[in-house]
Amino acid sequence: VQDNEPDLYRRIAKVMLPGYFIAMKLTGEVKTTQSGLSEGILWDFVRNDLAQRILDYYQIDPNLLPAVDPTFSTQGELTPQAAEELGLKRGIKVAYRAGDQPNNAFSLNVLNPGELAATAGTSGVVYGVIDQANYDPKSRVNPFVHVNHQPDVARYGVLLCVNGTGILNRWMKNNFAKGLTYVEMNDLAAKAGVGADGLSILPYGNGAERTLENKNIGATIYGLDLNTHQRSHLLRAAQEGIVYALNYGVQIMGEMGMAVRTVKAGYANMFLSPLFSEAFASVTGATIELYNTDGSQGAARGAGLGAGVYHDYEQAFIGLKSIETIRPNQSLVPKYREAYERWLGFLQERM
């Protein structure tokens, strides 16, 4: 940016996440948070400050970084121009910002060590909170500064992602279950037994996977018997394969010292499938709690905290209710473990 260009363009020439660009268009202010900087690998977890070594290595001028505000705080107000274009009142506060998965965890009131959130849309994510600046030496999972982190009350989020989650289920729908709704697919898949009569699917068909050390091994079907297997087996093996891939990542989180006892999720996407939820609980050993919420509600609660509408987290989450609890099916746990070990053997062959 040249010195003779308008000041507005100099302020825009900042290191921003996409959502922060939108916030800038709403308020005219360029801001960030500790959590946002951690998403950009620009936060030093040990020093609790900017990652100066990264800035130095890539020769990034620290002045290019936006001002750092608390996650829950007034970070600007709606400009007259933005208000007019959106049909909103001038001066509305922008009082919260977060990445999609930290926000999903917040929407489920996942704020303290040992609490975990999950989502299973196009990709699948498990996000757990710890109070130590820990990491996986192979970078198979990602640490973030969680939205409620404070210097004297540390809160870090550890994220595992499986890219090939709901996209595999959709692929099955488009190619093997044409004419069926997702509910009908779930019912048909449930007619096959645990382990799908020896059929295993590796769901890694949506690009390189972080849990596999950034390898792209593709999706693979193992054990297909043309005399035995039908659509129900394929549909079940797909859902189980997704669960097993997520469990593989959960075990990495366990190596970092995270206990997996209860996992919270919104009642949406793959968690609408009773089979998927049962398999997830039985394989991981965790109790699954499904809630009547989503990321947009979490963002609204966060904005309410930042704007002072709510006095504390407890008040912000009044009305959040668990609508279903799924515990491991102890009678099926041995079968799920056997199926997972078979699946894991195929994964290790591909690795």
# chains A, B, ... in the order shown; residues from 1 in each chain; ligands from 1
>>> residues_around(residues="region 289-297 of chain A", least_positions_apart="4", cutoff="9 Å", atoms="only C-alpha atoms", output="number ranges by chain")
A: 100-101, 103-108, 262-268, 271, 301-302, 320-327
>>> select_by_dssp(residues="region 150-221 of chain A", states="helix (DSSP H, G or I)", output="PyMOL selection string")
chain A and resi 166-176+182-189+196-198+210-212
>>> closest_residue(among="A:Ala95, A:Gln81, A:Thr220, A:Tyr58", to="Tyr310 (chain A)", atoms="only C-alpha atoms")
A:Ala95
>>> select_by_dssp(residues="region 173-333 of chain A", states="strand (DSSP E)", output="list in words")
Ser200, Ile201, Leu202, Pro203, Ala219, Thr220, Ile221, Tyr222, Thr262, Val263, Lys264, Ala265, Gly266, Thr287, Ile288, Glu289, Leu290, Tyr291, Ser322, Ile323, Glu324, Thr325 and Ile326 of chain A
>>> write_last_selection(atoms="C-alpha atoms", output="compact mmCIF listing (two decimals), in the first residue's frame")
# COMPACT_ATOMS: atom_id res chain seq x y z
CA SER A 200 -15.62 -51.72 5.89
CA ILE A 201 -15.34 -48.27 4.34
CA LEU A 202 -12.53 -45.75 4.79
CA PRO A 203 -14.28 -42.38 4.34
CA ALA A 219 -12.10 -43.52 0.10
CA THR A 220 -11.98 -47.31 -0.09
CA ILE A 221 -14.49 -50.16 0.29
CA TYR A 222 -13.12 -53.39 1.78
CA THR A 262 -19.46 -36.58 27.35
CA VAL A 263 -19.78 -35.14 23.86
CA LYS A 264 -22.35 -32.44 23.07
CA ALA A 265 -23.77 -31.91 19.60
CA GLY A 266 -26.58 -30.05 17.93
CA THR A 287 -22.29 -40.25 26.38
CA ILE A 288 -23.76 -38.16 23.56
CA GLU A 289 -26.00 -35.23 24.47
CA LEU A 290 -27.99 -33.67 21.63
CA TYR A 291 -29.17 -30.06 22.02
CA SER A 322 -30.68 -31.41 25.94
CA ILE A 323 -33.34 -33.12 23.86
CA GLU A 324 -31.80 -36.59 23.74
CA THR A 325 -29.04 -38.55 25.47
CA ILE A 326 -27.37 -41.57 23.85
>>> closest_residue(among="A:Gln132, A:Asn163, A:Gln59, A:Asn269", to="Gly249 (chain A)", atoms="only C-alpha atoms")
A:Asn163
>>> closest_residue(among="A:Ala299, A:Leu159, A:Ser273, A:Tyr340", to="Leu116 (chain A)", atoms="only C-alpha atoms")
A:Leu159
>>> residues_around(residues="region 172-189 of chain A", least_positions_apart="3", cutoff="8 Å", atoms="only C-alpha atoms", output="VMD selection string")
chain A and resid 168 to 169 192 231 to 236 238 273 to 275
>>> write_last_selection(atoms="C-alpha atoms", output="PDB file, in the first residue's frame")
ATOM      1  CA  LEU A 168     -19.733 -39.675   2.003  1.00  0.00           C
ATOM      2  CA  ASN A 169     -23.337 -40.098   3.142  1.00  0.00           C
ATOM      3  CA  ALA A 192     -27.765 -54.492   8.568  1.00  0.00           C
ATOM      4  CA  ARG A 231     -27.566 -51.418  -0.107  1.00  0.00           C
ATOM      5  CA  SER A 232     -28.240 -51.690   3.615  1.00  0.00           C
ATOM      6  CA  HIS A 233     -24.708 -52.992   4.210  1.00  0.00           C
ATOM      7  CA  LEU A 234     -23.125 -50.206   2.165  1.00  0.00           C
ATOM      8  CA  LEU A 235     -25.151 -47.527   3.914  1.00  0.00           C
ATOM      9  CA  ARG A 236     -24.315 -48.912   7.351  1.00  0.00           C
ATOM     10  CA  ALA A 238     -20.479 -45.743   5.392  1.00  0.00           C
ATOM     11  CA  SER A 273     -29.288 -40.762  12.409  1.00  0.00           C
ATOM     12  CA  PRO A 274     -29.952 -43.022  15.440  1.00  0.00           C
ATOM     13  CA  LEU A 275     -27.470 -45.524  14.010  1.00  0.00           C
TER      14      LEU A 275
END
>>> atom_distance(atom1="CA of Lys89 (chain A)", atom2="CA of Pro66 (chain A)")
25.9 Å
>>> closest_residue(among="A:Cys161, A:Ala196, A:Ala98, A:Ile54", to="Arg342 (chain A)", atoms="only C-alpha atoms")
A:Ala196
>>> closest_residue(among="A:Ala117, A:Ile252, A:Val94, A:Ala279", to="Lys138 (chain A)", atoms="only C-alpha atoms")
A:Ile252
>>> atom_distance(atom1="CA of Tyr96 (chain A)", atom2="CA of Ser73 (chain A)")
6.3 Å
>>> closest_residue(among="A:Leu37, A:Ala23, A:Met351, A:Leu55", to="Gly218 (chain A)", atoms="only C-alpha atoms")
A:Met351
>>> atom_distance(atom1="CA of Ala83 (chain A)", atom2="CA of Gly28 (chain A)")
11.9 Å
>>> residues_around(residues="Val333 (chain A)", least_positions_apart="3", cutoff="12 Å", atoms="only C-alpha atoms", output="list in words")
Val194, Gly195, Glu278, Ala279, Phe280, Ala281, Ser282, Val283, Thr284, Gly285, Ala286, Arg327, Pro328, Asn329, Gln330, Tyr336, Arg337, Glu338, Ala339 and Tyr340 of chain A
>>> residues_around(residues="Ser35 (chain A)", least_positions_apart="2", cutoff="6 Å", atoms="only C-alpha atoms", output="list in words")
Thr33, Leu37, Ser38, Val145 and His146 of chain A
